[in-house]
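Raw contents of coords34.cif, mmCIF, C-alpha atoms:
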data_run
loop_
_atom_site.label_atom_id
_atom_site.label_comp_id
_atom_site.auth_asym_id
_atom_site.auth_seq_id
_atom_site.Cartn_x
_atom_site.Cartn_y
_atom_site.Cartn_z
CA MET A 1 141.24 58.13 28.02
CA PRO A 2 140.10 61.57 29.26
CA THR A 3 138.10 61.60 32.47
CA ARG A 4 134.75 63.33 32.71
CA ARG A 5 136.35 66.00 34.89
CA HIS A 6 138.96 66.68 32.21
CA LEU A 7 136.32 66.82 29.48
CA LEU A 8 134.24 69.31 31.41
CA ALA A 9 137.27 71.40 32.32
CA ALA A 10 138.34 71.53 28.68
CA LEU A 11 134.98 72.63 27.36
CA PRO A 12 135.09 76.45 27.69
CA PRO A 13 138.22 77.12 25.59
CA LEU A 14 137.16 74.57 23.00
CA LEU A 15 133.81 76.23 22.56
CA ALA A 16 135.03 79.81 22.37
CA ALA A 17 132.53 81.47 20.05
CA PRO A 18 130.56 84.70 19.82
CA THR A 19 127.68 84.90 22.29
CA LEU A 20 124.25 85.07 20.69
CA ALA A 21 122.71 88.52 20.58
CA ARG A 22 121.33 89.35 24.02
CA ALA A 23 117.64 90.10 24.39
CA ALA A 24 115.68 90.62 27.61
CA PHE A 25 116.10 86.89 28.19
CA PRO A 26 118.12 85.79 30.03
CA ASP A 27 118.99 88.41 32.61
CA ARG A 28 119.68 85.93 35.44
CA PRO A 29 120.83 82.31 35.80
CA VAL A 30 118.80 79.54 34.13
CA ARG A 31 118.01 76.17 35.78
CA LEU A 32 118.58 73.04 33.71
CA VAL A 33 116.62 70.37 35.58
CA VAL A 34 118.06 66.85 35.09
CA PRO A 35 115.82 63.90 36.07
CA PHE A 36 118.71 61.64 37.05
CA ALA A 37 121.49 61.54 39.64
CA ALA A 38 124.75 63.42 39.28
CA GLY A 39 127.47 61.43 37.55
CA GLY A 40 125.21 59.37 35.30
CA GLY A 41 125.41 59.47 31.52
CA THR A 42 122.56 61.95 31.01
CA ASP A 43 123.87 64.18 33.79
CA VAL A 44 127.38 64.34 32.32
CA LEU A 45 126.04 65.25 28.87
CA ALA A 46 123.69 67.80 30.42
CA ARG A 47 126.60 69.50 32.19
CA ILE A 48 128.55 69.73 28.94
CA LEU A 49 125.44 71.21 27.32
CA ALA A 50 124.96 73.64 30.22
CA GLN A 51 128.49 74.98 29.85
CA GLY A 52 127.99 75.51 26.15
CA LEU A 53 124.65 77.25 26.73
CA THR A 54 126.24 79.47 29.37
CA GLU A 55 128.63 80.77 26.72
CA ARG A 56 125.94 81.18 24.09
CA LEU A 57 123.37 82.88 26.32
CA GLY A 58 125.70 85.04 28.38
CA GLN A 59 124.16 83.84 31.66
CA GLN A 60 124.99 80.91 33.90
CA VAL A 61 123.04 77.72 33.13
CA VAL A 62 123.00 75.72 36.36
CA VAL A 63 122.30 71.98 36.44
CA GLU A 64 119.83 70.92 39.11
CA ASN A 65 119.42 67.18 39.68
CA ARG A 66 115.90 66.16 40.73
CA THR A 67 115.69 62.40 40.96
CA GLY A 68 112.76 60.14 41.67
CA ALA A 69 109.84 58.30 40.05
CA GLY A 70 111.79 57.62 36.86
CA GLY A 71 112.05 61.32 36.02
CA ASN A 72 108.51 62.32 36.99
CA LEU A 73 109.58 64.59 39.85
CA ALA A 74 111.84 66.61 37.59
CA MET A 75 109.22 66.85 34.86
CA GLU A 76 106.52 67.96 37.28
CA ASN A 77 108.85 70.58 38.74
CA VAL A 78 109.28 72.15 35.30
CA VAL A 79 105.61 71.75 34.37
CA ARG A 80 104.65 73.71 37.51
CA SER A 81 107.34 76.39 37.03
CA ALA A 82 106.74 79.86 35.65
CA PRO A 83 106.72 79.89 31.82
CA ASP A 84 109.56 82.40 31.55
CA GLY A 85 112.47 80.28 30.25
CA TYR A 86 114.36 80.11 33.53
CA SER A 87 113.33 76.52 34.31
CA VAL A 88 114.33 74.10 31.54
CA LEU A 89 113.97 70.31 31.54
CA MET A 90 116.74 68.06 30.24
CA GLY A 91 114.14 65.60 28.97
CA THR A 92 114.86 62.08 27.75
CA ASN A 93 112.59 60.01 25.55
CA GLY A 94 112.28 57.53 28.41
CA ALA A 95 110.84 60.16 30.74
CA VAL A 96 108.87 62.30 28.30
CA ALA A 97 107.54 59.68 25.89
CA VAL A 98 107.42 56.44 27.91
CA ASN A 99 106.57 57.32 31.53
CA ARG A 100 103.03 58.29 30.59
CA HIS A 101 102.47 54.59 29.80
CA LEU A 102 104.18 53.27 32.93
CA TYR A 103 102.80 55.41 35.74
CA ARG A 104 99.22 55.89 36.84
CA GLY A 105 98.04 59.16 38.33
CA MET A 106 101.00 61.31 37.29
CA GLY A 107 98.85 64.43 37.46
CA PHE A 108 100.26 65.75 34.20
CA ASP A 109 101.00 64.52 30.68
CA PRO A 110 104.55 65.24 29.48
CA LEU A 111 103.46 65.38 25.83
CA ARG A 112 100.64 67.77 26.61
CA ASP A 113 102.10 69.86 29.44
CA LEU A 114 105.68 70.41 28.27
CA MET A 115 106.79 72.59 25.36
CA PRO A 116 109.46 70.95 23.15
CA VAL A 117 112.41 73.24 22.39
CA ALA A 118 115.26 71.30 20.77
CA LEU A 119 116.82 67.87 20.53
CA ALA A 120 120.46 68.08 21.66
CA PHE A 121 121.91 64.56 21.65
CA ARG A 122 121.34 60.87 21.15
CA ILE A 123 122.83 58.02 23.18
CA GLU A 124 123.15 54.75 21.28
CA HIS A 125 122.72 51.32 22.86
CA LEU A 126 124.33 47.98 22.13
CA MET A 127 123.57 44.35 22.90
CA ALA A 128 126.27 43.02 25.22
CA VAL A 129 126.48 39.38 26.32
CA GLY A 130 128.47 37.63 29.02
CA ASN A 131 131.52 35.63 28.05
CA ALA A 132 129.89 32.41 29.26
CA VAL A 133 126.92 32.65 26.88
CA PRO A 134 127.16 29.77 24.36
CA ALA A 135 126.69 31.92 21.25
CA ARG A 136 129.12 33.73 18.99
CA ASP A 137 126.83 36.13 17.18
CA ILE A 138 123.27 37.42 17.24
CA ALA A 139 121.94 34.67 14.96
CA SER A 140 123.30 31.87 17.13
CA LEU A 141 122.05 33.71 20.24
CA VAL A 142 118.51 33.77 18.86
CA ALA A 143 118.80 30.10 17.84
CA TYR A 144 119.99 29.15 21.33
CA ALA A 145 117.18 31.11 22.99
CA ARG A 146 114.59 29.39 20.80
CA ALA A 147 116.02 25.97 21.62
CA ASN A 148 116.23 26.79 25.36
CA PRO A 149 113.22 28.95 26.31
CA GLY A 150 113.80 30.94 29.50
CA ALA A 151 117.45 29.91 29.80
CA LEU A 152 118.79 33.40 28.98
CA THR A 153 118.33 36.48 31.14
CA PHE A 154 118.76 40.16 30.34
CA ALA A 155 119.59 42.84 32.88
CA SER A 156 118.47 46.46 33.03
CA GLY A 157 118.87 49.50 35.23
CA GLY A 158 115.23 49.25 36.31
CA THR A 159 111.77 48.32 35.13
CA GLY A 160 110.60 50.67 32.39
CA SER A 161 114.06 52.08 31.67
CA MET A 162 115.12 52.40 28.06
CA ILE A 163 117.61 49.55 28.42
CA HIS A 164 114.76 47.39 29.71
CA LEU A 165 112.47 48.38 26.85
CA ALA A 166 115.23 47.73 24.31
CA GLY A 167 115.31 44.13 25.55
CA GLU A 168 111.53 43.83 25.47
CA LEU A 169 111.52 45.14 21.90
CA PHE A 170 114.09 42.50 20.93
CA LYS A 171 111.94 39.80 22.57
CA ALA A 172 108.87 40.99 20.71
CA ARG A 173 110.58 41.20 17.31
CA THR A 174 112.34 37.81 17.55
CA GLY A 175 109.70 35.89 19.51
CA ILE A 176 112.27 34.46 21.92
CA ASP A 177 111.77 33.83 25.64
CA ILE A 178 114.39 35.68 27.72
CA THR A 179 113.82 36.76 31.31
CA HIS A 180 114.17 40.36 32.47
CA VAL A 181 116.21 40.97 35.65
CA PRO A 182 115.89 44.59 36.88
CA TYR A 183 118.57 46.29 38.98
CA ARG A 184 118.79 49.59 40.82
CA GLY A 185 120.81 51.27 38.13
CA GLY A 186 122.82 50.33 35.07
CA GLY A 187 126.11 50.02 36.97
CA PRO A 188 125.07 47.08 39.16
CA ALA A 189 123.41 45.45 36.15
CA MET A 190 126.61 45.65 34.11
CA ASN A 191 128.64 44.32 37.05
CA ASP A 192 126.47 41.21 37.15
CA LEU A 193 126.73 40.78 33.39
CA VAL A 194 130.53 40.79 33.68
CA ALA A 195 130.30 38.36 36.62
CA GLY A 196 128.14 35.99 34.61
CA THR A 197 125.09 36.31 36.87
CA VAL A 198 122.95 37.42 33.89
CA SER A 199 123.30 36.52 30.22
CA MET A 200 122.92 39.76 28.33
CA MET A 201 122.11 43.46 28.47
CA PHE A 202 120.95 46.17 26.07
CA ASP A 203 123.10 48.86 27.64
CA SER A 204 123.91 52.42 26.65
CA LEU A 205 127.10 52.79 24.64
CA PRO A 206 128.92 54.95 27.25
CA SER A 207 128.36 52.31 29.92
CA ALA A 208 128.98 49.20 27.84
CA ALA A 209 131.94 50.31 25.73
CA PRO A 210 134.65 50.09 28.43
CA GLN A 211 133.58 46.56 29.41
CA VAL A 212 133.49 45.40 25.80
CA GLN A 213 136.82 47.01 24.95
CA ALA A 214 138.41 45.35 28.01
CA GLY A 215 137.07 41.94 26.95
CA ARG A 216 134.86 41.53 30.04
CA ALA A 217 131.73 41.36 27.85
CA ARG A 218 131.06 40.80 24.16
CA ALA A 219 129.15 43.11 21.84
CA PHE A 220 126.90 41.40 19.32
CA ALA A 221 125.13 44.36 17.74
CA LEU A 222 124.30 48.05 17.97
CA CYS A 223 120.69 48.94 18.66
CA GLY A 224 120.51 52.07 16.50
CA THR A 225 119.96 52.60 12.79
CA ARG A 226 123.61 52.99 11.83
CA ARG A 227 127.07 51.85 12.84
CA HIS A 228 129.00 53.86 15.38
CA PRO A 229 132.58 55.27 15.22
CA LEU A 230 133.46 53.59 18.53
CA PHE A 231 132.69 50.18 16.98
CA PRO A 232 132.85 50.64 13.20
CA ASP A 233 132.86 46.89 12.49
CA LEU A 234 129.93 46.10 14.77
CA PRO A 235 126.67 45.63 12.83
CA THR A 236 123.27 46.83 13.95
CA VAL A 237 120.49 44.53 15.11
CA ALA A 238 118.57 45.65 12.03
CA GLU A 239 121.41 44.49 9.77
CA THR A 240 121.72 41.07 11.34
CA ALA A 241 118.42 39.86 12.72
CA VAL A 242 115.47 42.25 12.96
CA PRO A 243 115.08 44.72 10.06
CA ASP A 244 112.73 47.07 11.92
CA TYR A 245 114.59 47.11 15.25
CA GLN A 246 115.69 50.47 16.70
CA ALA A 247 116.36 51.56 20.29
CA ALA A 248 118.24 54.62 21.57
CA SER A 249 118.01 57.29 24.25
CA THR A 250 117.63 60.95 23.36
CA GLY A 251 118.07 64.17 25.28
CA GLY A 252 116.35 67.46 24.53
CA LEU A 253 115.21 70.69 26.14
CA PHE A 254 111.60 71.22 27.24
CA LEU A 255 109.88 74.24 28.82
CA PRO A 256 106.61 74.89 30.66
CA LEU A 257 103.64 75.56 28.42
CA ASN A 258 103.04 79.16 27.33
CA THR A 259 106.70 80.14 27.44
CA PRO A 260 107.06 83.11 25.03
CA GLY A 261 108.03 82.26 21.47
CA PRO A 262 111.18 84.45 21.42
CA VAL A 263 112.55 82.57 24.45
CA VAL A 264 111.90 79.20 22.78
CA ARG A 265 113.59 80.38 19.58
CA GLN A 266 116.61 81.72 21.45
CA LEU A 267 117.19 78.41 23.24
CA ASP A 268 116.63 76.44 20.04
CA GLU A 269 119.13 78.62 18.17
CA ALA A 270 121.66 78.16 20.97
CA ILE A 271 121.35 74.37 20.77
CA ALA A 272 121.58 74.43 16.97
CA SER A 273 124.74 76.55 17.24
CA LEU A 274 126.32 74.13 19.72
CA VAL A 275 125.47 71.02 17.71
CA ALA A 276 127.05 72.61 14.62
CA ASN A 277 130.30 73.25 16.54
CA PRO A 278 132.86 70.47 15.79
CA ASN A 279 134.61 70.89 19.14
CA PHE A 280 131.35 70.58 21.05
CA ARG A 281 130.48 67.47 19.06
CA GLN A 282 133.87 65.96 19.86
CA ILE A 283 133.59 66.70 23.59
CA LEU A 284 130.08 65.25 23.70
CA ALA A 285 131.22 62.14 21.80
CA ARG A 286 133.99 61.50 24.32
CA SER A 287 131.32 61.18 27.00
CA GLY A 288 129.18 58.89 24.86
CA GLY A 289 126.72 61.32 23.29
CA ASP A 290 126.08 61.99 19.61
CA ALA A 291 125.18 65.64 19.06
CA GLU A 292 122.00 65.96 17.04
CA HIS A 293 119.65 68.91 16.61
CA ALA A 294 115.95 69.04 15.88
CA GLY A 295 113.71 72.06 16.42
CA PRO A 296 110.47 72.30 18.41
CA ALA A 297 108.12 70.85 15.79
CA ALA A 298 110.43 67.98 14.86
CA LEU A 299 111.08 67.17 18.54
CA ALA A 300 107.35 67.13 19.24
CA GLU A 301 106.77 64.73 16.35
CA MET A 302 109.65 62.54 17.51
CA MET A 303 108.28 62.27 21.07
CA ALA A 304 104.81 61.43 19.75
CA ARG A 305 106.25 58.61 17.60
CA GLU A 306 108.38 57.33 20.46
CA SER A 307 105.39 57.38 22.81
CA GLU A 308 103.25 55.43 20.38
CA GLY A 309 105.92 52.84 19.59
CA TRP A 310 107.15 52.24 23.13
CA GLY A 311 103.62 52.42 24.50
CA THR A 312 102.78 49.36 22.43
CA ILE A 313 105.78 47.50 23.87
CA VAL A 314 104.82 48.49 27.43
CA ARG A 315 101.23 47.31 26.98
CA ASP A 316 102.08 44.09 25.17
CA ALA A 317 104.69 43.14 27.78
CA GLY A 318 102.44 44.17 30.68
CA ILE A 319 105.09 46.46 32.16
CA THR A 320 104.19 48.71 35.10
CA ALA A 321 106.41 50.89 37.25
#
Represent the supplied structure as structure tokens.
Amino acid sequence: MPTRRHLLAALPPLLAAPTLARAAFPDRPVRLVVPFAAGGGTDVLARILAQGLTERLGQQVVVENRTGAGGNLAMENVVRSAPDGYSVLMGTNGAVAVNRHLYRGMGFDPLRDLMPVALAFRIEHLMAVGNAVPARDIASLVAYARANPGALTFASGGTGSMIHLAGELFKARTGIDITHVPYRGGGPAMNDLVAGTVSMMFDSLPSAAPQVQAGRARAFALCGTRRHPLFPDLPTVAETAVPDYQAASTGGLFLPLNTPGPVVRQLDEAIASLVANPNFRQILARSGGDAEHAGPAALAEMMARESEGWGTIVRDAGITA
């Protein structure tokens, strides 16, 4: 299986394509601000995206990792930057749409103070359970949880993370009592799932797939709206238990307010061009991302819907960061 280093190294020749017509922008390197640590799933996909954008724009797109406060530090950095297109946020739905419900006194509102540019990718999630869990499918899992309230636990990479909220959504839709166990990152959470310390996890596909494929954990269902090529025989939660269930992470570009329209359009066109490129889609898929484009208006509508839906889950579950 190709390593991330190999995938990144292979990207430039695979994406050889004409550069978009050069305008005044950009005439110097562009910062792509990533809210998470280097080496994580979002960071790896952002670096693939940055290399593709470098080719399309004719200027270096440099990834800058700004971690802290669940993505708030990175978002604020871009919000306070000059609206000239040279500071771009790699924004996830967790940071942009959900944090406004988790944190008090942020000093800014991501939906109000960031300009949506383009959706670039989606990261699917799946429900993984430990091998010791006495259930063989999602229906028997729900039945066991109802018969044994509080007996099952679900891990996450931190309170308020998307993999936490995916579990809370499942609790709310099924009415079962399962206990959340937060960790400092998805890696330690998955390690404890494999060790049998926790019962289940609603992990991202890139993180969970190797453990499932190696038999160290079992996959019961995908959390998205459709089946995935990595697990074509695995049903979705919506197919098996909860018709209206859907949970996934998304990644898109956001700019400071009042960035000129031509700059927004140029970045949106560059993303659309990349997403349409089969080789880019393949490279992204190998690192666990599904390339998907949506323009500024559609991305804004998507974030508003996500904020409303997940905000309800946050309030009903009494979650605070």
With all atoms listed in the file as the counted atoms, please give the residues lying no more than 10 Å from Ala189 (chain A), apart from itself and same-chain residues fewer than 3 positions off, as a PDB file with C-alpha atoms, in the coordinates of the input.
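Here's the written file part12.pdb:
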ATOM      1  CA  PHE A 154     118.760  40.160  30.340  1.00  0.00           C
ATOM      2  CA  ALA A 155     119.590  42.840  32.880  1.00  0.00           C
ATOM      3  CA  SER A 156     118.470  46.460  33.030  1.00  0.00           C
ATOM      4  CA  GLY A 157     118.870  49.500  35.230  1.00  0.00           C
ATOM      5  CA  GLY A 158     115.230  49.250  36.310  1.00  0.00           C
ATOM      6  CA  VAL A 181     116.210  40.970  35.650  1.00  0.00           C
ATOM      7  CA  PRO A 182     115.890  44.590  36.880  1.00  0.00           C
ATOM      8  CA  TYR A 183     118.570  46.290  38.980  1.00  0.00           C
ATOM      9  CA  ARG A 184     118.790  49.590  40.820  1.00  0.00           C
ATOM     10  CA  GLY A 185     120.810  51.270  38.130  1.00  0.00           C
ATOM     11  CA  GLY A 186     122.820  50.330  35.070  1.00  0.00           C
ATOM     12  CA  ASP A 192     126.470  41.210  37.150  1.00  0.00           C
ATOM     13  CA  LEU A 193     126.730  40.780  33.390  1.00  0.00           C
ATOM     14  CA  VAL A 194     130.530  40.790  33.680  1.00  0.00           C
ATOM     15  CA  ALA A 195     130.300  38.360  36.620  1.00  0.00           C
ATOM     16  CA  THR A 197     125.090  36.310  36.870  1.00  0.00           C
ATOM     17  CA  VAL A 198     122.950  37.420  33.890  1.00  0.00           C
ATOM     18  CA  MET A 200     122.920  39.760  28.330  1.00  0.00           C
ATOM     19  CA  MET A 201     122.110  43.460  28.470  1.00  0.00           C
ATOM     20  CA  ASP A 203     123.100  48.860  27.640  1.00  0.00           C
TER      21      ASP A 203
END
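Among the candidates A:Gly41, A:Pro35, A:Gly68, A:Gly175, the one nearest to Pro206 (chain A) when counting all atoms listed in the file is A:Gly41.
Considering all atoms listed in the file, the residue among A:Ala317, A:Val30, A:Met115, A:Val78 positioned nearest to Leu257 (chain A) is A:Met115.
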Residues near Val264 (chain A), cut-off 7 Å, all atoms listed in the file, skip fewer than 4 positions along chain, as an mmCIF file with C-alpha atoms, in the coordinates of the input:
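result_36.cif written:
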data_model
loop_
_atom_site.group_PDB
_atom_site.id
_atom_site.type_symbol
_atom_site.label_atom_id
_atom_site.label_comp_id
_atom_site.auth_asym_id
_atom_site.auth_seq_id
_atom_site.Cartn_x
_atom_site.Cartn_y
_atom_site.Cartn_z
ATOM 1 C CA VAL A 117 112.410 73.240 22.390
ATOM 2 C CA PRO A 260 107.060 83.110 25.030
ATOM 3 C CA ASP A 268 116.630 76.440 20.040
#
Exercise. For the file shown, report as a list of chain:residue names the outcome of the PyMOL selection byres ((chain A and resi 211) around 12) at residue level.
Key: A:Leu126, A:Ala128, A:Val129, A:Gly130, A:Asn131, A:Gly187, A:Met190, A:Asn191, A:Asp192, A:Leu193, A:Val194, A:Ala195, A:Met201, A:Asp203, A:Ser204, A:Leu205, A:Pro206, A:Ser207, A:Ala208, A:Ala209, A:Pro210, A:Val212, A:Gln213, A:Ala214, A:Gly215, A:Arg216, A:Ala217, A:Arg218, A:Ala219
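What separates CA of Val237 (chain A) from CA of Leu222 (chain A) is a distance of 5.9 Å.
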Practice problem: Let me know the residues the PyMOL selection byres ((chain A and resi 303-305) around 10) catches in the file above, as a VMD selection string. | Solution: chain A and resid 92 to 94 96 to 98 110 to 111 116 250 298 to 302 306 to 311
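Minimum distance to His101 (chain A) across A:Arg315, A:Arg80, A:Arg286, A:Arg146 (counting all atoms listed in the file) occurs at A:Arg315.
Using all atoms listed in the file, the smallest distance between any of A:Ala82, A:Ala294, A:Ala248, A:Ala143 and Met162 (chain A) comes from A:Ala248.
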Self-check item: Residues matched by the PyMOL selection byres ((chain A and resi 225) around 8) as a ChimeraX atom specification
Solution: /A:223-224,226-227,236,238,246
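Between Gly70 (chain A) and the candidates A:Ala272, A:Met106, A:Leu234, A:Leu53, the tightest atom-to-atom separation, counting all atoms listed in the file, involves A:Met106.
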Exercise. Determine, counting all atoms listed in the file, every residue of protein, DNA or RNA that lies within 9 Å of (114.8, 64.4, 41.3) in the file coordinates, then give the result as a PyMOL selection string.
Key: chain A and resi 33-37+64-75+77
Self-check item: Option closest in space to His228 (chain A), from A:Pro188, A:Gly150, A:Gly289, A:Pro278 [counting only C-alpha atoms]
Solution: A:Gly289
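Near Thr320 (chain A), within 8 Å and counting all atoms listed in the file, sit Leu102, Tyr103, Thr159, Gly160 and Val314 of chain A, not including residues fewer than 6 positions from it in the same chain.
CA of Gly318 (chain A) sits 12.5 Å away from CA of His180 (chain A).
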Exercise. Enter the distance from CA of Ser87 (chain A) to CA of Ser249 (chain A), in Å, rounded to one decimal.
Key: 22.2 Å
